[in-house]
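Q: Sharing query10.pdb, PDB, C-alpha atoms:
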MODEL        1
ATOM      1  CA  MET A 181     -19.780 -77.553  -8.052  1.00  0.00           C
ATOM      2  CA  LYS A 182     -15.996 -77.286  -8.137  1.00  0.00           C
ATOM      3  CA  ARG A 183     -13.874 -78.755 -10.959  1.00  0.00           C
ATOM      4  CA  VAL A 184     -10.520 -80.265 -10.073  1.00  0.00           C
ATOM      5  CA  ALA A 185      -7.739 -81.487 -12.357  1.00  0.00           C
ATOM      6  CA  PHE A 186      -4.672 -83.507 -11.448  1.00  0.00           C
ATOM      7  CA  LYS A 187      -1.996 -85.632 -13.031  1.00  0.00           C
ATOM      8  CA  MET A 188      -0.539 -89.023 -12.207  1.00  0.00           C
ATOM      9  CA  LYS A 189       1.963 -91.237 -14.016  1.00  0.00           C
ATOM     10  CA  LEU A 190       1.451 -94.635 -15.590  1.00  0.00           C
ATOM     11  CA  LYS A 191       4.391 -97.008 -15.911  1.00  0.00           C
ATOM     12  CA  PRO A 192       5.463 -97.591 -19.544  1.00  0.00           C
ATOM     13  CA  GLY A 193       3.729-100.505 -21.238  1.00  0.00           C
ATOM     14  CA  CYS A 194       0.784-100.529 -18.801  1.00  0.00           C
ATOM     15  CA  LYS A 195      -1.850 -98.686 -20.850  1.00  0.00           C
ATOM     16  CA  GLN A 196      -3.964-101.721 -21.730  1.00  0.00           C
ATOM     17  CA  GLU A 197      -3.867-103.076 -18.177  1.00  0.00           C
ATOM     18  CA  TYR A 198      -4.857 -99.670 -16.776  1.00  0.00           C
ATOM     19  CA  ILE A 199      -7.796 -99.510 -19.194  1.00  0.00           C
ATOM     20  CA  ARG A 200      -8.821-103.102 -18.383  1.00  0.00           C
ATOM     21  CA  ARG A 201      -8.798-102.454 -14.635  1.00  0.00           C
ATOM     22  CA  HIS A 202     -10.833 -99.274 -14.993  1.00  0.00           C
ATOM     23  CA  ASN A 203     -13.317-100.942 -17.342  1.00  0.00           C
ATOM     24  CA  GLU A 204     -13.845-103.400 -14.486  1.00  0.00           C
ATOM     25  CA  VAL A 205     -13.699-100.817 -11.679  1.00  0.00           C
ATOM     26  CA  TRP A 206     -14.946-102.283  -8.431  1.00  0.00           C
ATOM     27  CA  PRO A 207     -18.534-101.230  -7.662  1.00  0.00           C
ATOM     28  CA  GLU A 208     -17.450-100.316  -4.109  1.00  0.00           C
ATOM     29  CA  ILE A 209     -14.922 -97.811  -5.481  1.00  0.00           C
ATOM     30  CA  ALA A 210     -17.477 -96.239  -7.821  1.00  0.00           C
ATOM     31  CA  GLU A 211     -19.937 -95.992  -4.920  1.00  0.00           C
ATOM     32  CA  LEU A 212     -17.342 -94.409  -2.607  1.00  0.00           C
ATOM     33  CA  ILE A 213     -16.462 -91.826  -5.248  1.00  0.00           C
ATOM     34  CA  ARG A 214     -20.091 -90.939  -5.915  1.00  0.00           C
ATOM     35  CA  LYS A 215     -21.031 -90.820  -2.212  1.00  0.00           C
ATOM     36  CA  SER A 216     -18.097 -88.451  -1.653  1.00  0.00           C
ATOM     37  CA  GLY A 217     -19.716 -85.942  -4.019  1.00  0.00           C
ATOM     38  CA  ILE A 218     -17.452 -86.651  -6.984  1.00  0.00           C
ATOM     39  CA  GLY A 219     -18.874 -86.971 -10.475  1.00  0.00           C
ATOM     40  CA  ASP A 220     -18.248 -86.242 -14.132  1.00  0.00           C
ATOM     41  CA  TYR A 221     -14.866 -87.932 -13.621  1.00  0.00           C
ATOM     42  CA  SER A 222     -12.579 -88.635 -16.578  1.00  0.00           C
ATOM     43  CA  ILE A 223      -8.986 -89.784 -16.906  1.00  0.00           C
ATOM     44  CA  PHE A 224      -6.977 -89.142 -20.067  1.00  0.00           C
ATOM     45  CA  LEU A 225      -3.552 -90.512 -21.068  1.00  0.00           C
ATOM     46  CA  ASP A 226      -0.698 -88.709 -22.825  1.00  0.00           C
ATOM     47  CA  GLU A 227       1.022 -91.721 -24.391  1.00  0.00           C
ATOM     48  CA  GLU A 228       4.264 -89.819 -25.087  1.00  0.00           C
ATOM     49  CA  THR A 229       4.878 -88.995 -21.414  1.00  0.00           C
ATOM     50  CA  HIS A 230       2.738 -91.681 -19.708  1.00  0.00           C
ATOM     51  CA  ILE A 231       1.017 -88.872 -17.806  1.00  0.00           C
ATOM     52  CA  LEU A 232      -2.560 -89.550 -16.716  1.00  0.00           C
ATOM     53  CA  PHE A 233      -4.700 -86.422 -16.553  1.00  0.00           C
ATOM     54  CA  GLY A 234      -7.766 -86.587 -14.324  1.00  0.00           C
ATOM     55  CA  VAL A 235     -10.615 -84.115 -14.153  1.00  0.00           C
ATOM     56  CA  GLN A 236     -13.676 -84.335 -11.930  1.00  0.00           C
ATOM     57  CA  LYS A 237     -16.449 -82.271 -10.439  1.00  0.00           C
ATOM     58  CA  GLN A 238     -16.814 -82.138  -6.670  1.00  0.00           C
ATOM     59  CA  SER A 239     -19.800 -81.115  -4.621  1.00  0.00           C
ATOM     60  CA  GLY A 240     -17.874 -81.875  -1.418  1.00  0.00           C
ATOM     61  CA  GLU A 241     -14.439 -80.900  -0.191  1.00  0.00           C
ATOM     62  CA  VAL A 242     -12.429 -83.966  -1.233  1.00  0.00           C
ATOM     63  CA  SER A 243     -11.134 -85.270  -4.530  1.00  0.00           C
ATOM     64  CA  SER A 244     -10.887 -88.945  -5.404  1.00  0.00           C
ATOM     65  CA  GLN A 245      -7.205 -88.749  -4.488  1.00  0.00           C
ATOM     66  CA  GLU A 246      -8.094 -87.881  -0.884  1.00  0.00           C
ATOM     67  CA  LEU A 247     -10.235 -90.905  -0.030  1.00  0.00           C
ATOM     68  CA  GLY A 248      -7.398 -92.956   1.468  1.00  0.00           C
ATOM     69  CA  SER A 249      -9.052 -93.331   4.867  1.00  0.00           C
ATOM     70  CA  ALA A 250     -11.522 -95.802   3.316  1.00  0.00           C
ATOM     71  CA  ASP A 251     -10.363 -99.434   3.411  1.00  0.00           C
ATOM     72  CA  ILE A 252     -11.675-100.107  -0.098  1.00  0.00           C
ATOM     73  CA  GLN A 253      -9.672 -97.139  -1.429  1.00  0.00           C
ATOM     74  CA  GLN A 254      -6.513 -98.538   0.170  1.00  0.00           C
ATOM     75  CA  LYS A 255      -7.203-101.906  -1.479  1.00  0.00           C
ATOM     76  CA  TRP A 256      -7.719-100.209  -4.867  1.00  0.00           C
ATOM     77  CA  TRP A 257      -4.460 -98.287  -4.499  1.00  0.00           C
ATOM     78  CA  ASP A 258      -2.661-101.518  -3.598  1.00  0.00           C
ATOM     79  CA  PHE A 259      -4.223-103.185  -6.662  1.00  0.00           C
ATOM     80  CA  MET A 260      -3.051-100.358  -8.947  1.00  0.00           C
ATOM     81  CA  SER A 261       0.420 -99.862  -7.431  1.00  0.00           C
ATOM     82  CA  ASP A 262       2.216-102.207  -9.832  1.00  0.00           C
ATOM     83  CA  ILE A 263       1.317-100.111 -12.895  1.00  0.00           C
ATOM     84  CA  MET A 264       1.547 -96.515 -11.579  1.00  0.00           C
ATOM     85  CA  ASP A 265       4.013 -94.274  -9.787  1.00  0.00           C
ATOM     86  CA  VAL A 266       2.920 -94.426  -6.139  1.00  0.00           C
ATOM     87  CA  ASN A 267       3.754 -93.023  -2.713  1.00  0.00           C
ATOM     88  CA  PRO A 268       4.900 -95.258   0.189  1.00  0.00           C
ATOM     89  CA  ASP A 269       1.221 -95.889   1.127  1.00  0.00           C
ATOM     90  CA  ASN A 270       0.530 -96.957  -2.509  1.00  0.00           C
ATOM     91  CA  SER A 271      -1.569 -93.853  -3.210  1.00  0.00           C
ATOM     92  CA  PRO A 272      -0.853 -92.472  -6.681  1.00  0.00           C
ATOM     93  CA  VAL A 273       1.765 -89.757  -6.888  1.00  0.00           C
ATOM     94  CA  THR A 274      -0.579 -86.888  -7.714  1.00  0.00           C
ATOM     95  CA  ALA A 275      -0.020 -83.262  -8.644  1.00  0.00           C
ATOM     96  CA  TYR A 276      -3.000 -80.931  -8.711  1.00  0.00           C
ATOM     97  CA  LEU A 277      -3.179 -78.578 -11.678  1.00  0.00           C
ATOM     98  CA  GLU A 278      -4.068 -74.908 -11.695  1.00  0.00           C
ATOM     99  CA  GLU A 279      -6.939 -73.940 -13.953  1.00  0.00           C
ATOM    100  CA  VAL A 280      -5.807 -71.137 -16.246  1.00  0.00           C
ATOM    101  CA  PHE A 281      -8.730 -71.063 -18.699  1.00  0.00           C
ATOM    102  CA  TYR A 282     -12.330 -72.267 -18.791  1.00  0.00           C
ATOM    103  CA  LEU A 283     -15.020 -71.795 -21.436  1.00  0.00           C
ATOM    104  CA  GLU A 284     -18.488 -73.045 -20.560  1.00  0.00           C
TER     105      GLU A 284
ENDMDL
END
Using the file provided, produce a representation of the structure as structure tokens.

A:
Amino acid sequence: MKRVAFKMKLKPGCKQEYIRRHNEVWPEIAELIRKSGIGDYSIFLDEETHILFGVQKQSGEVSSQELGSADIQQKWWDFMSDIMDVNPDNSPVTAYLEEVFYLE
């Protein structure tokens, strides 16, 4: 299983709303993520910079940020676009991070 890390950016003042929306994540989104081979998925927030740091394990070839062909993913991105930095298609602006150390 491959581990992937990436960062996104939350708009200032949107922490509580981001948490609320993810505490109520749509079951269809959770199912899409799991069926795509993604698990052990966490998102952390650096409150000083508003950077969201995501890490997940993948048994397939795609990360959660590459599921945009699914209608439900597009709807989720649209739903989240008012509180995050997004691309023209409302997908989160995402930068993948290079792993430089790992201790199991």

Q: At most 10 Å from (-1.4, -89.9, -7.9), file frame, only C-alpha atoms: which residues, as a PyMOL selection string?

A: chain A and resi 186-190+232-234+244-246+257+264-267+270-276

Q: Selected by the PyMOL selection byres ((chain A and resi 242) around 12) in the shown coordinates: which residues, as an NGL selection string?

A: :A and (181-184 or 212-219 or 236-241 or 243-249)

Q: For each of A:Ile209, A:Glu278, A:Pro192, A:Glu204, take the minimum atom-to-atom distance to A:Glu228, counting all atoms listed in the file, then give the residue where this is smallest.

A: A:Pro192

Q: Taking every listed atom of stretch 192-197 of chain A and adding 8 Å to each side, what centre and edge lengths in Å (one decimal) does the axis-aligned box have, as lines of an AutoDock Vina configuration file?

A:
center_x = 0.7
center_y = -100.3
center_z = -20.0
size_x = 25.4
size_y = 21.5
size_z = 19.6

Q: I'd like to know which of A:Gln254, A:His202, A:Val280, A:Glu208 is closest to A:Pro268, using only C-alpha atoms.

A: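 Using only C-alpha atoms, A:Pro268 sits closest to A:Gln254.
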
Q: From the options A:Trp206, A:Ile252, A:Thr229, A:Asp258, which residue's atoms come nearest to A:Gly193, counting only C-alpha atoms?

A: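 Selected residue with least distance to A:Gly193: A:Thr229.
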
Q: If you measure from atom CA of A:Leu225 to atom CA of A:Lys195, what distance in Å do you get, rounded to one decimal?

A: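 The value is 8.4 Å.
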
Q: Would you work out the distance separating atom CA of A:Lys191 from atom CA of A:Ile263, expressed in Å to one decimal?

A: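 Atom-to-atom, atom CA of A:Lys191 to atom CA of A:Ile263, that is 5.3 Å.
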
Q: So how many Å separate atom CA of A:Tyr282 and atom CA of A:Val235, to one decimal?

A: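 The value is 12.8 Å.
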
Q: Could you tell me which of A:Gln253, A:Ser261, A:Phe281, A:Glu227 comes closest to A:Gln196 if we count all atoms listed in the file?

A: A:Glu227
